[in-house]
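Participant: Coordinates in data-v4.txt, compact mmCIF, C-alpha atoms and all ligand atoms, are listed below.
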# COMPACT_ATOMS: atom_id res chain seq x y z
CA MET D 155 23.87 8.08 8.90
CA LEU D 156 22.92 11.52 7.64
CA VAL D 157 26.42 12.84 8.39
CA VAL D 158 28.00 10.04 6.41
CA ALA D 159 25.65 10.69 3.51
CA ALA D 160 26.49 14.39 3.56
CA ILE D 161 30.22 13.74 3.41
CA ALA D 162 29.83 11.27 0.58
CA PHE D 163 27.72 13.82 -1.24
CA VAL D 164 30.28 16.60 -0.95
CA THR D 165 33.13 14.44 -2.14
CA SER D 166 31.34 12.75 -5.01
CA VAL D 167 29.31 15.49 -6.68
CA PRO D 168 31.15 17.72 -9.13
CA ALA D 169 30.79 21.45 -8.63
CA ASN D 170 28.81 21.96 -11.82
CA ALA D 171 26.29 19.28 -10.79
CA LEU D 172 25.67 21.20 -7.59
CA LEU D 173 25.05 24.39 -9.51
CA THR D 174 22.72 22.70 -11.91
CA HIS D 175 20.79 21.20 -9.08
CA GLU D 176 20.52 24.46 -7.23
CA ASP D 177 19.07 26.07 -10.32
CA LEU D 178 16.65 23.23 -10.65
CA ALA D 179 15.45 23.42 -7.05
CA THR D 180 14.95 27.17 -7.31
CA GLY D 181 13.09 26.85 -10.56
CA ASP D 182 10.84 24.21 -9.14
CA LEU D 183 9.53 26.53 -6.46
CA GLY D 184 8.70 29.08 -9.11
CA VAL D 185 6.78 26.92 -11.54
CA ALA D 186 5.17 24.24 -9.38
CA GLY D 187 1.87 26.08 -9.05
CA PRO D 188 1.11 26.86 -12.69
CA ARG D 189 2.32 23.47 -13.84
CA GLU D 190 0.13 21.59 -11.38
CA THR D 191 -2.84 23.53 -12.73
CA GLN D 192 -2.01 22.74 -16.34
CA ARG D 193 -1.44 19.10 -15.54
CA ILE D 194 -5.03 18.72 -14.32
CA GLU D 195 -6.22 19.75 -17.76
CA SER D 196 -4.07 17.20 -19.53
CA VAL D 197 -4.90 14.12 -17.47
CA GLY D 198 -4.78 10.91 -19.46
CA GLY D 199 -2.95 12.17 -22.53
CA VAL D 200 0.29 10.52 -23.55
CA ALA D 201 1.31 13.96 -24.79
CA ALA D 202 0.67 15.52 -21.38
CA ALA D 203 4.13 17.03 -21.16
CA GLU D 204 3.80 18.50 -24.63
CA THR D 205 0.50 20.08 -23.69
CA ILE D 206 2.05 21.65 -20.62
CA ARG D 207 4.89 23.13 -22.61
CA ASP D 208 2.65 24.57 -25.29
CA SER D 209 0.08 26.02 -22.96
CA TYR D 210 2.49 27.38 -20.38
CA SER D 211 2.96 31.10 -20.61
CA VAL D 212 4.25 33.66 -18.16
CA SER D 213 5.27 37.24 -18.74
CA ASP D 214 8.52 37.04 -16.74
CA PRO D 215 11.22 35.84 -19.19
CA ALA D 216 13.39 34.38 -16.41
CA GLU D 217 10.53 32.34 -15.08
CA ASN D 218 9.61 31.30 -18.59
CA ALA D 219 13.15 30.06 -19.20
CA LEU D 220 12.98 27.94 -16.07
CA ALA D 221 9.63 26.54 -17.11
CA ASN D 222 11.06 25.55 -20.47
CA ARG D 223 14.01 23.85 -18.85
CA PHE D 224 11.67 21.79 -16.72
CA THR D 225 9.47 20.64 -19.52
CA SER D 226 12.12 19.90 -22.12
CA ASP D 227 13.95 16.64 -22.54
CA GLY D 228 17.69 16.48 -22.01
CA THR D 229 17.74 17.44 -18.34
CA PHE D 230 19.56 14.17 -17.79
CA VAL D 231 21.14 11.53 -19.98
CA ASN D 232 20.41 7.89 -19.26
CA ASN D 233 22.91 5.25 -20.26
CA PRO D 234 20.91 2.10 -21.08
CA ASN D 235 24.00 0.02 -20.28
CA GLY D 236 24.70 1.59 -16.88
CA THR D 237 24.56 -0.39 -13.64
CA ILE D 238 22.76 2.59 -12.08
CA GLN D 239 20.21 4.34 -14.28
CA TRP D 240 17.44 6.91 -14.20
CA PRO D 241 13.88 5.52 -13.86
CA PHE D 242 13.33 6.08 -17.60
CA LYS D 243 15.35 4.80 -20.53
CA VAL D 244 15.50 8.24 -22.09
CA SER D 245 15.44 11.74 -20.68
CA VAL D 246 11.91 12.87 -19.82
CA PRO D 247 10.49 16.10 -18.43
CA MET D 248 10.60 16.62 -14.70
CA SER D 249 8.42 18.93 -12.66
CA SER D 250 8.35 19.09 -8.90
CA GLY D 251 11.76 18.66 -7.25
CA PHE D 252 12.74 17.50 -3.78
CA GLY D 253 12.25 19.87 -0.87
CA TYR D 254 9.83 22.45 0.45
CA ARG D 255 7.33 23.80 -2.07
CA PRO D 256 5.17 26.76 -1.13
CA ASP D 257 2.65 26.10 -3.90
CA GLN D 258 2.11 22.40 -3.37
CA PRO D 259 -1.05 20.83 -4.81
CA ALA D 260 -4.07 21.02 -2.51
CA GLY D 261 -3.80 18.47 0.27
CA ALA D 262 -0.16 17.61 -0.43
CA LYS D 263 2.54 17.97 2.17
CA PRO D 264 4.69 21.13 2.00
CA PHE D 265 7.81 18.98 1.98
CA HIS D 266 8.10 17.04 -1.24
CA SER D 267 10.11 13.93 -0.43
CA GLY D 268 10.72 12.87 -4.01
CA LEU D 269 11.18 13.96 -7.59
CA ASP D 270 8.36 14.02 -10.16
CA PHE D 271 8.87 12.85 -13.73
CA ASN D 272 6.31 13.75 -16.43
CA PRO D 273 6.72 11.57 -19.51
CA GLY D 274 2.95 11.15 -19.89
CA ALA D 275 0.53 8.39 -18.89
CA GLY D 276 1.61 4.85 -19.70
CA ALA D 277 5.33 5.48 -19.99
CA PRO D 278 7.32 2.45 -18.84
CA ILE D 279 9.23 2.91 -15.57
CA GLN D 280 12.44 0.97 -15.02
CA ALA D 281 14.38 -0.22 -11.97
CA ILE D 282 17.33 2.10 -11.33
CA ALA D 283 19.66 -0.74 -10.30
CA ASP D 284 19.76 -4.45 -9.51
CA GLY D 285 17.84 -5.23 -6.35
CA THR D 286 15.04 -7.06 -4.58
CA VAL D 287 11.42 -5.95 -4.57
CA THR D 288 10.50 -5.40 -0.91
CA SER D 289 6.95 -4.14 -1.35
CA VAL D 290 4.18 -3.87 -3.92
CA ILE D 291 1.15 -1.86 -2.84
CA GLU D 292 -2.02 -1.47 -4.90
CA SER D 293 -3.75 1.49 -3.31
CA ASP D 294 -5.72 4.52 -4.44
CA SER D 295 -4.61 6.78 -1.59
CA GLY D 296 -1.28 8.37 -0.71
CA LEU D 297 1.40 7.09 -3.06
CA GLY D 298 -1.19 5.06 -4.97
CA VAL D 299 0.09 1.95 -6.72
CA HIS D 300 3.72 1.88 -5.63
CA VAL D 301 6.70 -0.42 -5.52
CA THR D 302 9.79 -0.36 -3.32
CA ILE D 303 13.05 -1.98 -4.43
CA ARG D 304 16.05 -2.48 -2.14
CA HIS D 305 19.49 -2.14 -3.70
CA GLN D 306 23.05 -2.70 -2.50
CA ILE D 307 25.16 0.04 -4.05
CA ASN D 308 28.84 0.29 -3.19
CA GLY D 309 28.09 -1.81 -0.11
CA ASP D 310 25.29 0.45 1.09
CA VAL D 311 21.58 -0.30 1.18
CA ILE D 312 19.29 2.14 -0.61
CA ASP D 313 15.57 1.82 -1.30
CA SER D 314 13.94 3.23 -4.44
CA VAL D 315 10.21 3.95 -4.52
CA TYR D 316 8.08 4.28 -7.68
CA ALA D 317 4.64 5.84 -7.00
CA HIS D 318 1.27 6.65 -8.62
CA MET D 319 1.55 3.87 -11.21
CA GLN D 320 -1.44 2.57 -13.14
CA PHE D 321 -3.58 -0.16 -11.61
CA GLY D 322 -2.66 -3.51 -13.10
CA SER D 323 0.60 -2.23 -14.56
CA VAL D 324 3.02 -3.47 -11.89
CA ALA D 325 5.40 -5.91 -13.54
CA VAL D 326 7.18 -7.19 -10.41
CA SER D 327 6.18 -9.02 -7.25
CA GLU D 328 7.34 -8.93 -3.65
CA GLY D 329 10.56 -10.81 -3.05
CA GLN D 330 11.50 -10.85 -6.72
CA SER D 331 15.06 -10.09 -7.80
CA VAL D 332 15.22 -7.46 -10.51
CA LYS D 333 17.93 -6.21 -12.81
CA VAL D 334 18.64 -2.61 -13.66
CA GLY D 335 16.36 -1.56 -16.51
CA ASP D 336 13.65 -4.12 -15.71
CA ARG D 337 10.10 -2.84 -16.08
CA VAL D 338 8.55 -1.84 -12.75
CA GLY D 339 5.22 -0.53 -14.02
CA LEU D 340 3.59 2.25 -16.04
CA VAL D 341 3.18 5.94 -15.24
CA GLY D 342 -0.27 6.63 -13.86
CA SER D 343 -2.12 8.90 -11.50
CA THR D 344 -3.27 6.62 -8.68
CA GLY D 345 -3.41 7.89 -5.10
CA GLN D 346 -2.93 11.52 -4.20
CA SER D 347 -2.02 12.80 -7.63
CA THR D 348 -3.32 15.53 -9.91
CA GLY D 349 -2.21 13.95 -13.18
CA PRO D 350 -0.05 11.20 -14.63
CA HIS D 351 3.50 11.33 -13.29
CA LEU D 352 6.09 9.22 -11.55
CA HIS D 353 6.81 10.30 -7.99
CA PHE D 354 10.22 8.79 -7.27
CA GLU D 355 11.92 8.54 -3.89
CA LEU D 356 15.28 7.31 -2.62
CA HIS D 357 15.91 6.22 0.97
CA PRO D 358 19.53 5.39 1.90
CA GLY D 359 19.60 2.70 4.55
CA GLY D 360 15.81 2.53 4.32
CA GLY D 361 15.65 5.80 6.30
CA GLU D 362 15.06 9.46 5.47
CA ALA D 363 14.54 10.39 1.85
CA VAL D 364 17.31 12.18 -0.05
CA ASP D 365 17.10 14.30 -3.19
CA PRO D 366 16.82 11.82 -6.09
CA PHE D 367 18.03 14.36 -8.65
CA THR D 368 21.29 14.97 -6.77
CA TRP D 369 21.77 11.30 -6.08
CA LEU D 370 21.10 10.16 -9.63
CA LYS D 371 23.30 12.88 -11.11
CA ALA D 372 26.11 11.63 -8.91
CA HIS D 373 25.56 7.88 -9.26
CA ALA D 374 23.95 7.08 -12.63
CA ASN D 375 26.71 5.69 -14.80
ZN ZN N 401 5.97 13.86 -6.15
How would this structure read if it were set down as structure tokens?
Facilitator:
Amino acid sequence: MLVVAAIAFVTSVPANALLTHEDLATGDLGVAGPRETQRIESVGGVAAAETIRDSYSVSDPAENALANRFTSDGTFVNNPNGTIQWPFKVSVPMSSGFGYRPDQPAGAKPFHSGLDFNPGAGAPIQAIADGTVTSVIESDSGLGVHVTIRHQINGDVIDSVYAHMQFGSVAVSEGQSVKVGDRVGLVGSTGQSTGPHLHFELHPGGGEAVDPFTWLKAHAN
């Protein structure tokens, strides 16, 4: 399964997408710590991302450039008419990427199995493709309020997971069929979270998580 995924990845991702992603992953390791700290101070504000950008300052210009890239819009372009889309209708800031992070928030696992989006509390989250809701969990631990949707994409099963949403904001129910772009819920900070963000995961075949940024760059259309 993993071998097949790796081959598909190599053949379907353009070279420049790989470069972009590599930059992103590297940058994430560098800025995760400071950003997590800032995010705590901006809990609850719809302008959380703006606050982070304005208050973020480091003396190293290279690191500063990476920080700006992470907090500015335009890191991706969502096509509202696509059959596979990003979890937000427009480009929003992203912070922590997929993979190992040395400066993970206290208590979090060193391997980050998803991608974090930071549009601010209350931002509407959308289904990335047509599918069926396989689970809705209202919890205040772990992934918090989270929803899993199973999709069939090019004949293959893939599960998308939307985590840390606000209590009472989930707009779907278990077993429901959804269309791409349908509202899943609202960005919150439930469960193990230091501030409002969407933690988003993708699991091909319902198995091990893959890097959502790489996958979405390759598949969003
Ligand atoms: Zn996360």
Participant: Please extract the residues at most 8 Å from ligand ZN 401 (chain N), counting all atoms listed in the file, and provide them as a list in words, using the chain letters and residue numbers of this document.
Facilitator: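 The distance check yields Ser250, Gly251, His266, Ser267, Gly268, Leu269, Asp270, His351, Leu352, His353 and Phe354 of chain D.
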Participant: Report, in Å to a single decimal, how far apart atom CA of Arg255 of chain D and atom CA of Ser347 of chain D are.
Facilitator: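 So the two atoms, atom CA of Ser347 of chain D and atom CA of Arg255 of chain D, lie 15.5 Å apart.
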Participant: For Ala372 of chain D, which residue out of D:Val334, D:Ile238, D:Met319, D:Val290 is the nearest one, using all atoms listed in the file?
Facilitator: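 Closest to Ala372 of chain D of all the choices is D:Ile238.
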Participant: To one decimal in Å, tell me the separation between atom CA of Lys263 of chain D and atom CA of Gly342 of chain D.
Facilitator: 19.8 Å
Participant: Considering all atoms listed in the file, state which residue in the set D:Pro264, D:Gly276, D:Gly322, D:Gly335 is at the smallest distance from Val244 of chain D.
Facilitator: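 Closest to Val244 of chain D, using all atoms listed in the file: D:Gly335.
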Participant: Here is a test: counting all atoms listed in the file, which residue of D:Pro247, D:Gly285, D:Pro234, D:Pro358 is nearest to Ile303 of chain D?
Facilitator: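 When distances to Ile303 of chain D are compared using all atoms listed in the file, the smallest one comes from D:Gly285.
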Participant: Fix up segment 329-343 of chain D with N, CA and C atoms, then write it as a tab-separated table (two decimals), keeping the file's coordinate frame.
Facilitator:
chain	number	residue	atom	x	y	z
D	329	GLY	N	9.54	-9.78	-3.20
D	329	GLY	CA	10.56	-10.81	-3.05
D	329	GLY	C	11.33	-11.12	-4.32
D	330	GLN	N	10.86	-10.58	-5.42
D	330	GLN	CA	11.50	-10.85	-6.72
D	330	GLN	C	12.82	-10.10	-6.87
D	331	SER	N	13.80	-10.77	-7.46
D	331	SER	CA	15.06	-10.09	-7.80
D	331	SER	C	14.88	-9.40	-9.15
D	332	VAL	N	15.33	-8.17	-9.24
D	332	VAL	CA	15.22	-7.46	-10.51
D	332	VAL	C	16.59	-6.98	-10.95
D	333	LYS	N	16.71	-6.76	-12.24
D	333	LYS	CA	17.93	-6.21	-12.81
D	333	LYS	C	17.69	-4.76	-13.19
D	334	VAL	N	18.76	-3.99	-13.22
D	334	VAL	CA	18.64	-2.61	-13.66
D	334	VAL	C	17.97	-2.59	-15.03
D	335	GLY	N	17.04	-1.67	-15.23
D	335	GLY	CA	16.36	-1.56	-16.51
D	335	GLY	C	15.10	-2.40	-16.62
D	336	ASP	N	14.88	-3.32	-15.66
D	336	ASP	CA	13.65	-4.12	-15.71
D	336	ASP	C	12.43	-3.23	-15.52
D	337	ARG	N	11.36	-3.59	-16.21
D	337	ARG	CA	10.10	-2.84	-16.08
D	337	ARG	C	9.53	-2.98	-14.67
D	338	VAL	N	9.19	-1.84	-14.07
D	338	VAL	CA	8.55	-1.84	-12.75
D	338	VAL	C	7.04	-1.70	-12.91
D	339	GLY	N	6.64	-0.78	-13.78
D	339	GLY	CA	5.22	-0.53	-14.02
D	339	GLY	C	5.08	0.62	-15.00
D	340	LEU	N	3.86	1.17	-15.09
D	340	LEU	CA	3.59	2.25	-16.04
D	340	LEU	C	3.14	3.50	-15.31
D	341	VAL	N	3.55	4.65	-15.83
D	341	VAL	CA	3.18	5.94	-15.24
D	341	VAL	C	1.67	6.08	-15.20
D	342	GLY	N	1.16	6.43	-14.03
D	342	GLY	CA	-0.27	6.63	-13.86
D	342	GLY	C	-0.54	7.80	-12.94
D	343	SER	N	-1.73	7.78	-12.36
D	343	SER	CA	-2.12	8.90	-11.50
D	343	SER	C	-2.91	8.39	-10.30
